[in-house]
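What follows is the content of structure.cif, which has mmCIF, C-alpha atoms and all ligand atoms:
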data_start
loop_
_atom_site.label_atom_id
_atom_site.label_comp_id
_atom_site.auth_asym_id
_atom_site.auth_seq_id
_atom_site.Cartn_x
_atom_site.Cartn_y
_atom_site.Cartn_z
CA MET E 1 -11.98 -20.40 -5.71
CA ARG E 2 -8.73 -20.34 -7.70
CA ARG E 3 -8.45 -16.55 -7.55
CA ALA E 4 -9.43 -16.70 -3.86
CA ARG E 5 -6.43 -18.91 -3.14
CA GLY E 6 -4.10 -16.57 -4.97
CA GLN E 7 -3.84 -18.91 -7.95
CA VAL E 8 -3.04 -16.45 -10.71
CA PRO E 9 -0.60 -17.85 -13.29
CA THR E 10 2.37 -15.73 -14.30
CA PRO E 11 2.46 -14.76 -18.01
CA PRO E 12 5.33 -16.72 -19.69
CA GLU E 13 7.13 -13.59 -20.95
CA LEU E 14 7.20 -12.23 -17.40
CA VAL E 15 8.55 -15.54 -16.08
CA ALA E 16 11.32 -15.33 -18.70
CA ARG E 17 12.25 -11.73 -17.70
CA MET E 18 12.38 -12.67 -14.04
CA VAL E 19 14.46 -15.79 -14.70
CA ALA E 20 16.89 -13.57 -16.62
CA LEU E 21 17.23 -11.46 -13.43
CA ALA E 22 18.25 -14.50 -11.38
CA ARG E 23 21.73 -14.59 -13.01
CA PRO E 24 23.04 -17.78 -11.29
CA TRP E 25 26.73 -17.43 -10.41
CA ALA E 26 27.64 -21.12 -10.11
CA GLY E 27 26.37 -24.61 -10.86
CA GLY E 28 24.74 -26.65 -8.13
CA LEU E 29 22.85 -23.72 -6.58
CA ARG E 30 19.67 -24.46 -4.64
CA VAL E 31 16.71 -22.91 -6.48
CA LEU E 32 13.30 -22.56 -4.81
CA GLU E 33 9.85 -21.66 -6.17
CA PRO E 34 7.39 -21.01 -3.30
CA GLY E 35 3.70 -21.23 -4.26
CA CYS E 36 4.88 -23.21 -7.27
CA GLY E 37 1.66 -24.62 -8.80
CA ARG E 38 2.96 -25.91 -12.15
CA CYS E 39 6.46 -24.59 -11.29
CA PRO E 40 6.79 -22.24 -14.28
CA PHE E 41 9.85 -20.54 -12.76
CA LEU E 42 11.71 -23.82 -12.17
CA ARG E 43 10.89 -25.01 -15.69
CA ALA E 44 12.03 -21.74 -17.33
CA PHE E 45 15.12 -21.58 -15.14
CA ARG E 46 16.19 -25.08 -16.20
CA GLU E 47 15.59 -24.23 -19.83
CA ALA E 48 17.67 -21.06 -19.53
CA TYR E 49 20.56 -22.30 -17.40
CA GLY E 50 20.55 -26.10 -17.65
CA ALA E 51 19.89 -29.01 -15.33
CA GLY E 52 22.86 -28.61 -12.99
CA PHE E 53 20.94 -27.15 -10.05
CA ARG E 54 18.82 -28.41 -7.18
CA PHE E 55 15.19 -27.51 -7.90
CA VAL E 56 12.67 -27.27 -5.04
CA GLY E 57 8.99 -26.27 -5.11
CA VAL E 58 6.54 -25.61 -2.26
CA GLU E 59 2.78 -25.59 -2.85
CA ARG E 60 -0.03 -25.56 -0.34
CA PHE E 61 -2.98 -26.72 -2.42
CA PRO E 62 -2.81 -30.18 -4.03
CA GLU E 63 -5.21 -29.26 -6.84
CA ALA E 64 -2.83 -26.49 -7.98
CA LEU E 65 0.22 -28.73 -8.02
CA ASP E 66 1.52 -30.09 -11.34
CA PRO E 67 5.29 -30.20 -10.97
CA PRO E 68 7.92 -31.28 -13.51
CA PRO E 69 9.66 -34.60 -12.72
CA PHE E 70 13.02 -32.95 -12.02
CA ALA E 71 11.69 -30.89 -9.06
CA GLU E 72 11.61 -31.91 -5.41
CA VAL E 73 8.21 -30.73 -4.27
CA HIS E 74 6.77 -30.16 -0.79
CA LEU E 75 3.03 -30.01 -0.31
CA ALA E 76 3.10 -27.50 2.54
CA ASP E 77 2.26 -23.99 3.70
CA PHE E 78 5.28 -21.96 2.61
CA LEU E 79 4.74 -19.59 5.51
CA GLY E 80 5.58 -22.42 7.90
CA PHE E 81 8.17 -24.10 5.65
CA GLN E 82 11.44 -24.99 7.40
CA GLY E 83 13.77 -26.08 4.56
CA GLY E 84 16.69 -24.21 3.11
CA PRO E 85 18.77 -22.20 2.94
CA PHE E 86 18.40 -21.44 -0.79
CA ASP E 87 20.62 -19.47 -3.15
CA LEU E 88 17.88 -18.37 -5.52
CA ILE E 89 14.16 -17.95 -4.85
CA LEU E 90 11.74 -17.03 -7.62
CA ALA E 91 7.99 -16.64 -7.23
CA ASN E 92 4.70 -15.05 -7.97
CA PRO E 93 3.33 -15.26 -4.40
CA PRO E 94 -0.39 -15.32 -3.66
CA TYR E 95 -1.79 -11.99 -2.60
CA GLY E 96 -4.84 -10.76 -0.80
CA ALA E 97 -5.62 -9.18 2.54
CA PRO E 98 -5.65 -12.13 4.93
CA GLY E 99 -9.16 -13.10 5.87
CA ALA E 100 -10.72 -11.40 2.85
CA GLY E 101 -11.67 -14.59 1.05
CA ILE E 102 -8.25 -16.13 0.66
CA GLY E 103 -8.92 -19.16 2.77
CA LEU E 104 -7.28 -17.98 5.99
CA GLY E 105 -9.11 -18.65 9.22
CA GLU E 106 -8.85 -16.29 12.19
CA ALA E 107 -6.56 -18.68 14.13
CA GLU E 108 -4.16 -18.99 11.19
CA ARG E 109 -4.10 -15.25 10.71
CA ARG E 110 -3.27 -14.77 14.37
CA ALA E 111 -0.45 -17.32 14.12
CA TYR E 112 1.00 -15.55 11.06
CA ARG E 113 0.81 -12.21 12.81
CA LYS E 114 2.91 -13.65 15.63
CA ARG E 115 5.39 -15.40 13.34
CA PHE E 116 6.17 -12.53 10.98
CA ALA E 117 7.99 -9.45 12.20
CA THR E 118 6.76 -7.43 9.22
CA TRP E 119 3.07 -8.24 9.80
CA TYR E 120 1.31 -4.93 10.42
CA GLY E 121 -2.24 -3.60 10.15
CA ARG E 122 -4.20 -4.92 7.18
CA TYR E 123 -1.23 -6.91 5.99
CA ASN E 124 -1.11 -8.98 2.82
CA LEU E 125 0.02 -12.57 2.17
CA TYR E 126 2.65 -11.45 -0.29
CA GLY E 127 4.36 -9.42 2.45
CA ALA E 128 4.69 -12.59 4.55
CA PHE E 129 5.95 -14.50 1.49
CA LEU E 130 8.62 -11.82 1.05
CA GLU E 131 9.74 -12.01 4.67
CA GLN E 132 9.76 -15.81 4.64
CA GLY E 133 11.73 -15.84 1.36
CA VAL E 134 14.35 -13.44 2.73
CA ARG E 135 14.72 -15.56 5.87
CA LEU E 136 15.27 -18.73 3.80
CA LEU E 137 17.93 -17.11 1.59
CA ALA E 138 21.59 -18.00 2.06
CA PRO E 139 23.96 -15.02 2.54
CA GLY E 140 24.51 -13.42 -0.88
CA GLY E 141 21.42 -15.25 -2.18
CA VAL E 142 18.98 -13.59 -4.57
CA LEU E 143 15.19 -13.48 -4.46
CA VAL E 144 13.09 -12.42 -7.48
CA TYR E 145 9.33 -11.99 -6.90
CA VAL E 146 6.53 -10.33 -8.80
CA VAL E 147 4.23 -8.62 -6.27
CA PRO E 148 1.58 -5.88 -6.25
CA ALA E 149 2.99 -2.35 -6.05
CA GLY E 150 1.26 -1.45 -2.77
CA TRP E 151 4.30 -2.37 -0.64
CA MET E 152 6.16 0.63 -2.16
CA VAL E 153 3.96 3.22 -0.49
CA LEU E 154 1.26 1.81 1.78
CA ASP E 155 1.62 2.33 5.52
CA GLU E 156 0.92 -1.34 6.34
CA PHE E 157 4.16 -2.27 4.54
CA ARG E 158 6.41 0.13 6.45
CA ARG E 159 7.84 -2.70 8.57
CA LEU E 160 8.42 -4.80 5.47
CA ARG E 161 10.30 -1.96 3.73
CA ARG E 162 12.46 -1.46 6.82
CA PHE E 163 13.11 -5.21 7.06
CA LEU E 164 14.16 -5.37 3.39
CA ALA E 165 16.42 -2.34 3.80
CA LEU E 166 18.12 -3.90 6.82
CA GLU E 167 18.53 -7.35 5.29
CA GLY E 168 19.88 -6.50 1.85
CA GLY E 169 19.84 -4.53 -1.38
CA LEU E 170 16.75 -4.07 -3.52
CA GLU E 171 16.12 -3.48 -7.21
CA VAL E 172 12.51 -2.58 -8.03
CA PHE E 173 11.09 -2.85 -11.55
CA TYR E 174 7.76 -1.03 -11.83
CA LEU E 175 5.60 -2.77 -14.42
CA GLY E 176 2.14 -1.22 -13.90
CA ARG E 177 -0.58 -3.54 -15.26
CA ALA E 178 1.35 -6.73 -16.00
CA PHE E 179 -1.46 -9.29 -15.52
CA PRO E 180 -4.07 -9.33 -18.30
CA GLY E 181 -7.55 -8.76 -16.91
CA LEU E 182 -6.35 -7.69 -13.44
CA LYS E 183 -6.33 -4.13 -12.15
CA VAL E 184 -3.44 -4.70 -9.78
CA ARG E 185 -0.22 -2.78 -10.52
CA ALA E 186 2.81 -5.03 -10.38
CA THR E 187 6.45 -4.70 -9.43
CA VAL E 188 9.25 -7.18 -9.80
CA VAL E 189 11.63 -7.02 -6.86
CA ARG E 190 15.15 -8.40 -7.00
CA PHE E 191 16.59 -8.66 -3.52
CA THR E 192 20.19 -9.60 -2.66
CA LYS E 193 20.72 -10.75 0.90
CA GLY E 194 23.49 -8.77 2.54
CA GLY E 195 23.49 -6.08 -0.16
CA ARG E 196 22.52 -2.45 0.37
CA GLY E 197 20.46 0.38 -1.09
CA LEU E 198 17.65 0.68 -3.58
CA LYS E 199 17.39 1.08 -7.34
CA LEU E 200 14.10 1.88 -9.03
CA TYR E 201 13.42 1.12 -12.70
CA GLN E 202 10.52 1.85 -15.02
CA GLY E 203 9.92 -1.52 -16.70
CA PHE E 204 13.05 -3.65 -16.85
CA GLU E 205 15.31 -1.11 -18.53
CA GLU E 206 14.90 2.54 -17.56
CA GLU E 207 16.71 3.43 -14.35
CA LEU E 208 14.79 6.13 -12.48
CA TRP E 209 16.34 6.47 -9.08
CA VAL E 210 19.19 5.15 -6.97
CA ASP E 211 19.42 5.50 -3.21
CA PRO E 212 22.58 3.77 -1.95
CA ASP E 213 21.51 4.41 1.63
CA TRP E 214 17.82 3.46 1.48
CA GLN E 215 16.43 2.95 5.00
CA GLY E 216 13.01 1.61 4.05
CA GLY E 217 11.06 4.81 3.34
CA MET E 218 8.28 4.95 0.75
CA VAL E 219 9.51 4.12 -2.74
CA ARG E 220 8.29 7.08 -4.79
CA PHE E 221 8.87 8.10 -8.39
CA PRO E 222 11.43 10.92 -8.61
CA HIS E 223 9.28 13.66 -10.14
CA PRO E 224 11.44 16.83 -10.10
CA LYS E 225 8.58 19.34 -9.90
CA ALA E 226 6.92 17.46 -7.06
CA LEU E 227 10.16 17.20 -5.13
CA ALA E 228 10.79 20.93 -5.60
CA LEU E 229 7.34 21.63 -4.15
CA GLU E 230 8.26 19.53 -1.11
CA ARG E 231 11.49 21.45 -0.62
CA GLU E 232 9.70 24.80 -0.68
CA GLY E 233 6.43 24.05 1.08
CA VAL E 234 5.31 23.12 4.57
CA PRO E 235 4.22 19.47 4.99
CA LEU E 236 0.51 19.33 5.63
CA GLY E 237 1.18 17.01 8.59
CA GLU E 238 2.92 19.86 10.43
CA LEU E 239 -0.25 21.90 10.44
CA PHE E 240 -2.93 19.26 10.68
CA GLU E 241 -3.53 16.10 12.64
CA ILE E 242 -4.91 13.49 10.27
CA ARG E 243 -7.64 11.19 11.53
CA PHE E 244 -9.71 8.54 9.84
CA ALA E 245 -13.50 8.33 9.96
CA ALA E 246 -15.51 6.03 12.20
CA ARG E 247 -15.48 2.51 10.68
CA SER E 248 -18.58 0.80 9.41
CA PRO E 249 -18.89 -1.74 12.29
CA GLU E 250 -18.44 1.06 14.85
CA LEU E 251 -21.24 3.00 13.21
CA LYS E 252 -23.56 0.07 12.76
CA ARG E 253 -23.40 -0.99 16.38
CA HIS E 254 -23.87 2.51 17.79
CA PRO E 255 -27.25 2.66 19.55
CA LEU E 256 -28.11 6.03 17.95
CA THR E 257 -27.53 4.89 14.34
CA ARG E 258 -30.68 4.47 12.25
CA THR E 259 -31.32 3.01 8.79
CA ALA E 260 -34.18 5.42 7.94
CA PRO E 261 -34.46 9.22 8.07
CA GLY E 262 -36.19 10.85 11.02
CA PRO E 263 -36.41 14.08 13.02
CA GLY E 264 -32.99 15.44 13.96
CA LEU E 265 -31.23 12.76 11.90
CA VAL E 266 -28.83 13.45 9.00
CA PRO E 267 -27.20 11.05 6.52
CA VAL E 268 -23.87 9.56 7.59
CA LEU E 269 -21.59 10.80 4.80
CA THR E 270 -19.29 8.64 2.66
CA GLY E 271 -16.68 9.28 0.01
CA ARG E 272 -19.45 9.67 -2.55
CA ASN E 273 -20.73 12.73 -0.69
CA LEU E 274 -17.33 14.41 -0.95
CA LYS E 275 -16.82 16.43 -4.14
CA PRO E 276 -13.93 18.74 -5.06
CA GLY E 277 -14.67 21.88 -3.04
CA HIS E 278 -18.12 20.93 -1.75
CA ILE E 279 -20.11 18.32 0.13
CA ASP E 280 -23.41 16.75 -0.85
CA TYR E 281 -25.18 16.76 2.54
CA GLU E 282 -28.42 15.30 1.20
CA THR E 283 -27.86 11.96 -0.52
CA PRO E 284 -27.82 9.06 1.99
CA TYR E 285 -25.29 6.89 0.15
CA SER E 286 -24.40 5.04 3.35
CA GLY E 287 -28.03 4.13 4.08
CA LEU E 288 -27.30 5.22 7.66
CA PHE E 289 -28.57 8.19 9.66
CA PHE E 290 -27.35 9.73 12.87
CA PRO E 291 -28.50 12.61 15.11
CA LYS E 292 -26.65 15.66 13.82
CA GLU E 293 -26.25 17.17 17.28
CA ARG E 294 -24.68 13.97 18.65
CA ALA E 295 -22.15 13.42 15.81
CA GLY E 296 -19.35 14.09 18.30
CA LEU E 297 -20.25 10.87 20.14
CA LEU E 298 -18.94 8.91 17.14
CA LYS E 299 -15.72 10.91 16.84
CA PRO E 300 -15.20 14.06 18.89
CA PHE E 301 -13.88 15.92 15.83
CA TYR E 302 -17.18 15.45 13.96
CA ALA E 303 -18.62 18.07 16.28
CA ARG E 304 -16.57 20.89 14.73
CA PRO E 305 -16.37 22.12 11.12
CA HIS E 306 -13.16 20.77 9.58
CA LEU E 307 -11.33 19.85 6.40
CA VAL E 308 -12.08 16.47 4.75
CA VAL E 309 -9.83 14.77 2.19
CA GLY E 310 -10.70 11.69 0.10
CA HIS E 311 -9.03 8.33 0.64
CA THR E 312 -9.60 6.22 -2.50
CA ARG E 313 -9.79 8.44 -5.57
CA HIS E 314 -7.55 6.66 -8.07
CA GLY E 315 -4.84 9.27 -8.53
CA LYS E 316 -6.83 12.34 -7.46
CA VAL E 317 -6.77 14.51 -4.37
CA VAL E 318 -10.28 15.64 -3.44
CA ALA E 319 -10.93 17.98 -0.52
CA ALA E 320 -13.78 20.04 0.93
CA PHE E 321 -14.56 21.88 4.13
CA ASP E 322 -17.33 20.28 6.21
CA GLU E 323 -18.88 23.48 7.49
CA ARG E 324 -21.95 21.73 8.93
CA ALA E 325 -19.99 19.21 11.03
CA TYR E 326 -21.75 16.00 9.93
CA PRO E 327 -21.11 12.37 10.88
CA TRP E 328 -18.92 10.43 8.42
CA ARG E 329 -18.16 6.80 7.63
CA GLU E 330 -15.14 7.42 5.39
CA GLU E 331 -12.29 9.71 4.42
CA PHE E 332 -9.54 11.61 6.20
CA HIS E 333 -10.46 14.33 8.67
CA LEU E 334 -7.92 17.09 9.21
CA LEU E 335 -7.77 18.93 12.51
CA PRO E 336 -5.65 22.04 12.96
CA LYS E 337 -2.70 21.56 15.31
CA GLY E 338 -2.52 25.26 16.15
CA THR E 339 -4.96 28.12 15.67
CA PRO E 340 -7.46 27.20 12.93
CA LEU E 341 -6.96 28.97 9.61
CA PRO E 342 -9.28 31.93 9.04
CA GLU E 343 -12.18 31.19 6.64
CA ARG E 344 -10.60 32.83 3.60
CA ARG E 345 -7.33 30.95 4.07
CA MET E 346 -9.21 27.67 4.45
CA ALA E 347 -11.10 28.35 1.20
CA ALA E 348 -7.79 29.01 -0.55
CA LEU E 349 -6.35 25.81 0.92
CA VAL E 350 -9.31 23.74 -0.31
CA GLU E 351 -8.92 25.26 -3.76
CA TYR E 352 -5.21 24.47 -3.75
CA LEU E 353 -5.76 20.85 -2.67
CA ASN E 354 -8.24 20.29 -5.51
CA GLY E 355 -6.13 22.23 -8.02
CA PRO E 356 -3.77 21.13 -10.80
CA GLU E 357 -0.55 21.67 -8.84
CA VAL E 358 -1.50 19.14 -6.16
CA GLN E 359 -2.89 16.66 -8.72
CA GLY E 360 0.39 16.87 -10.64
CA TYR E 361 2.39 16.46 -7.43
CA TYR E 362 0.45 13.37 -6.35
CA GLN E 363 0.44 11.65 -9.75
CA GLY E 364 4.10 12.51 -10.31
CA LEU E 365 5.32 10.88 -7.11
CA TYR E 366 2.92 7.97 -6.76
CA ARG E 367 1.61 7.42 -10.31
CA ASP E 368 -1.02 4.69 -10.32
CA ALA E 369 0.77 2.36 -7.86
CA VAL E 370 -2.26 2.25 -5.54
CA PRO E 371 -5.76 3.77 -5.77
CA HIS E 372 -5.41 5.30 -2.30
CA LEU E 373 -4.07 8.42 -0.78
CA THR E 374 -2.52 7.28 2.51
CA ARG E 375 -1.99 9.13 5.75
CA SER E 376 1.77 9.29 5.10
CA MET E 377 1.25 10.70 1.61
CA LEU E 378 -1.10 13.32 2.97
CA GLU E 379 1.26 14.22 5.83
CA ARG E 380 4.01 14.97 3.33
CA LEU E 381 1.87 16.95 0.89
CA PRO E 382 3.49 20.40 0.68
CA LEU E 383 1.50 23.57 1.27
CA PRO E 384 2.87 26.80 -0.19
CA ARG E 385 3.93 29.26 2.50
CA ASP E 386 2.28 32.24 0.85
CA LEU E 387 -1.04 30.44 0.82
CA LEU E 388 -0.91 29.99 4.56
CA LEU E 389 0.50 33.46 5.33
CA LEU E 390 2.42 31.64 7.97
CA ARG E 391 2.51 32.94 11.44
CA LYS E 392 4.04 31.16 14.42
CA SER E 393 0.59 30.50 15.88
CA VAL E 394 -0.49 28.28 12.94
CA CYS E 395 2.83 26.60 12.36
CA PRO E 396 3.86 24.48 15.34
CA ASN E 397 7.48 24.01 14.34
CA GLY E 398 7.99 27.74 14.40
CA GLN E 399 8.65 28.17 10.68
CA SER E 400 7.44 31.50 9.36
CA ASP E 401 8.05 33.83 6.48
C1 LIG L 501 0.01 -16.46 -8.01
S1 LIG L 501 -0.01 -18.22 -7.99
C2 LIG L 501 1.49 -18.61 -8.82
C3 LIG L 501 1.50 -19.98 -9.38
C4 LIG L 501 2.74 -20.30 -10.21
N1 LIG L 501 3.93 -20.28 -9.38
C5 LIG L 501 2.91 -19.28 -11.32
O1 LIG L 501 3.78 -18.44 -11.22
O2 LIG L 501 2.16 -19.34 -12.30
C6 LIG L 501 0.35 -18.51 -6.27
C7 LIG L 501 0.44 -19.96 -5.88
O3 LIG L 501 0.68 -20.05 -4.47
C8 LIG L 501 -0.11 -21.10 -3.92
N2 LIG L 501 -0.28 -20.81 -2.49
C9 LIG L 501 -1.20 -20.02 -1.89
N3 LIG L 501 -0.98 -19.95 -0.56
C10 LIG L 501 0.11 -20.71 -0.31
C11 LIG L 501 0.85 -21.03 0.87
N4 LIG L 501 0.49 -20.53 2.06
N5 LIG L 501 1.94 -21.82 0.75
C12 LIG L 501 2.30 -22.34 -0.45
N6 LIG L 501 1.64 -22.07 -1.60
C13 LIG L 501 0.57 -21.26 -1.54
C14 LIG L 501 -1.37 -21.07 -4.75
O4 LIG L 501 -2.08 -22.32 -4.67
C15 LIG L 501 -0.80 -20.81 -6.14
O5 LIG L 501 -0.44 -22.00 -6.79
#
What does this structure look like when you write it as structure tokens?
Amino acid sequence: MRRARGQVPTPPELVARMVALARPWAGGLRVLEPGCGRCPFLRAFREAYGAGFRFVGVERFPEALDPPPFAEVHLADFLGFQGGPFDLILANPPYGAPGAGIGLGEAERRAYRKRFATWYGRYNLYGAFLEQGVRLLAPGGVLVYVVPAGWMVLDEFRRLRRFLALEGGLEVFYLGRAFPGLKVRATVVRFTKGGRGLKLYQGFEEELWVDPDWQGGMVRFPHPKALALEREGVPLGELFEIRFAARSPELKRHPLTRTAPGPGLVPVLTGRNLKPGHIDYETPYSGLFFPKERAGLLKPFYARPHLVVGHTRHGKVVAAFDERAYPWREEFHLLPKGTPLPERRMAALVEYLNGPEVQGYYQGLYRDAVPHLTRSMLERLPLPRDLLLLRKSVCPNGQSD
């Protein structure tokens, strides 16, 4: 239950590093810890900078609350909290996709979606905590949060990145695995309301990248070889439309779906059927079967042979050509925007996508921040011009050799 409510304590050394980033500029500042629990940030802040501040905590769940006597504490949902403004906000917000076991009912989720401008797609509580924190900050105020790294690159955080870029300046400290026993990759963000631009650090010390004019694009690691490939190649998104497979509920409620094999039926394929350069058409990992000849009823593009690229491969790009045109439950499906590539070119493209250059490109820019390859990452993946033997007919923007 504790984990389900986002109750993961912050390691004391991390609290200390984050408190050091707060750098209070005057006495009497209003300091807030949302999702405070035992209020480790308020306690460490007072120890580091003294008692001459106003300390406020907000916690939703009474059983998590154990505040120090010097703090003014509100037992409330921070996402509806109306106090403030505050000069400094420090937190380790709860995280989890709303609805997925973190105690949010459908009505509450709907209300949050309405209330938060950054709420988008399969959003995450920590995104809403970021937006709410920024809104409660006084001009020039500073927010320091530790949050999962997904916001840097995932498409569902594009509105949040834009919001942060418009509202202030951001310093991002990439920590990787900072919580013992948890797989999640962490970042500390230090946001100054009214500031500008973005600075990316590895850990708390090594400066990797500065963009004084950051507009909210993906925050990627500046890998020189990968960036050179992007400058020289053609983005995959210019040549292919990228679609996602039919979702599980869609498949399960289709009247032609079966849970046992039968005449004319083939397995519905999943990520486990997709291997680098080939597809296992036999193993029914999904436990679902569908008439091969009617695959196009699920998604029209299933009816034609096409390129398939893996979605969750933990730092790897995996691609194969589905020459038999099967039904799928997962993965990205790439449809040519112009004339389809001839067979030999497609084979070379599949080999390239599974090859060391692309693996190096992907790991260089995104490291291990998330286990997924997203649509935006795939759209930007550069394809060498010589591999495509570009002609105007296959390259919609008219680029050619
Ligand atoms: C990751 S824990 C951090 C606890 C403590 N601040 C720390 O750093 O060790 C997140 C905290 O947020 C609380 N919480 C979860 N949802 C909340 C909400 N909507 N409003 C306020 N607090 C919430 C949890 O009960 C938990 O105490």
To box region 69-82 of chain E, take all atoms listed in the file, fit an axis-aligned box, add 8 Å on each side, and give centre and edge lengths in Å to one decimal, as AutoDock Vina command-line options.
--center_x 7.6 --center_y -27.1 --center_z -2.4 --size_x 26.8 --size_y 31.0 --size_z 36.6
Which protein, DNA or RNA residues have an atom within 10 Å of ligand LIG 501 (chain L), counting only C-alpha atoms and all ligand atoms, as a PyMOL selection string?
chain E and resi 2-12+14-15+33-42+57-66+74-81+90-96+102-104+125-126+128-129+145-147
Which residue gives the smallest distance to Gly360 (chain E) among E:Gly150, E:Gly233, E:Pro180, E:Gly315, with only C-alpha atoms counted?
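Ranked by minimum distance to Gly360 (chain E), first place goes to E:Gly315.
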Hey, what's within 9 Å of region 374-391 of chain E if we count all atoms listed in the file and toss same-chain stuff fewer than 3 positions away? As a PyMOL selection string, please?
chain E and resi 153-155+218+226+229-238+240-244+309+311-312+332+341+345-346+348-349+352-353+358+361-362+366+394-395+398-401
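For region 266-280 of chain E, the non-local neighbours within 7 Å, defined as residues at least 4 positions apart in the same chain or in other chains and counting only C-alpha atoms, are Pro284, Tyr285, Ser286, Leu288, Phe289, Phe290, Pro291, Lys292, Gly310, Val318, Ala319, Ala320, Phe321, Asp322, Pro327, Trp328, Arg329, Glu330, Glu331, Val350, Glu351 and Asn354 of chain E.
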Within 7 Å of (-7.4, 20.5, 13.4) (coordinates as in the file), grab all the protein and nucleic acid residues, counting all atoms listed in the file, and write them out as a list in words.
Phe240, Glu241, His306, Leu334, Leu335, Pro336, Lys337 and Pro340 of chain E
Region 209-214 of chain E: which residues within 12 Å, counting all atoms listed in the file, same-chain residues fewer than 4 positions away excluded, as a list in words?
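Skipping anything fewer than 4 positions along the chain leaves Arg161, Arg162, Phe163, Leu164, Ala165, Leu166, Glu167, Gly168, Gly169, Leu170, Glu171, Val172, Phe173, Tyr174, Gly195, Arg196, Gly197, Leu198, Lys199, Leu200, Tyr201, Gln202, Met218, Val219, Arg220, Phe221, Pro222, His223 and Pro224 of chain E.
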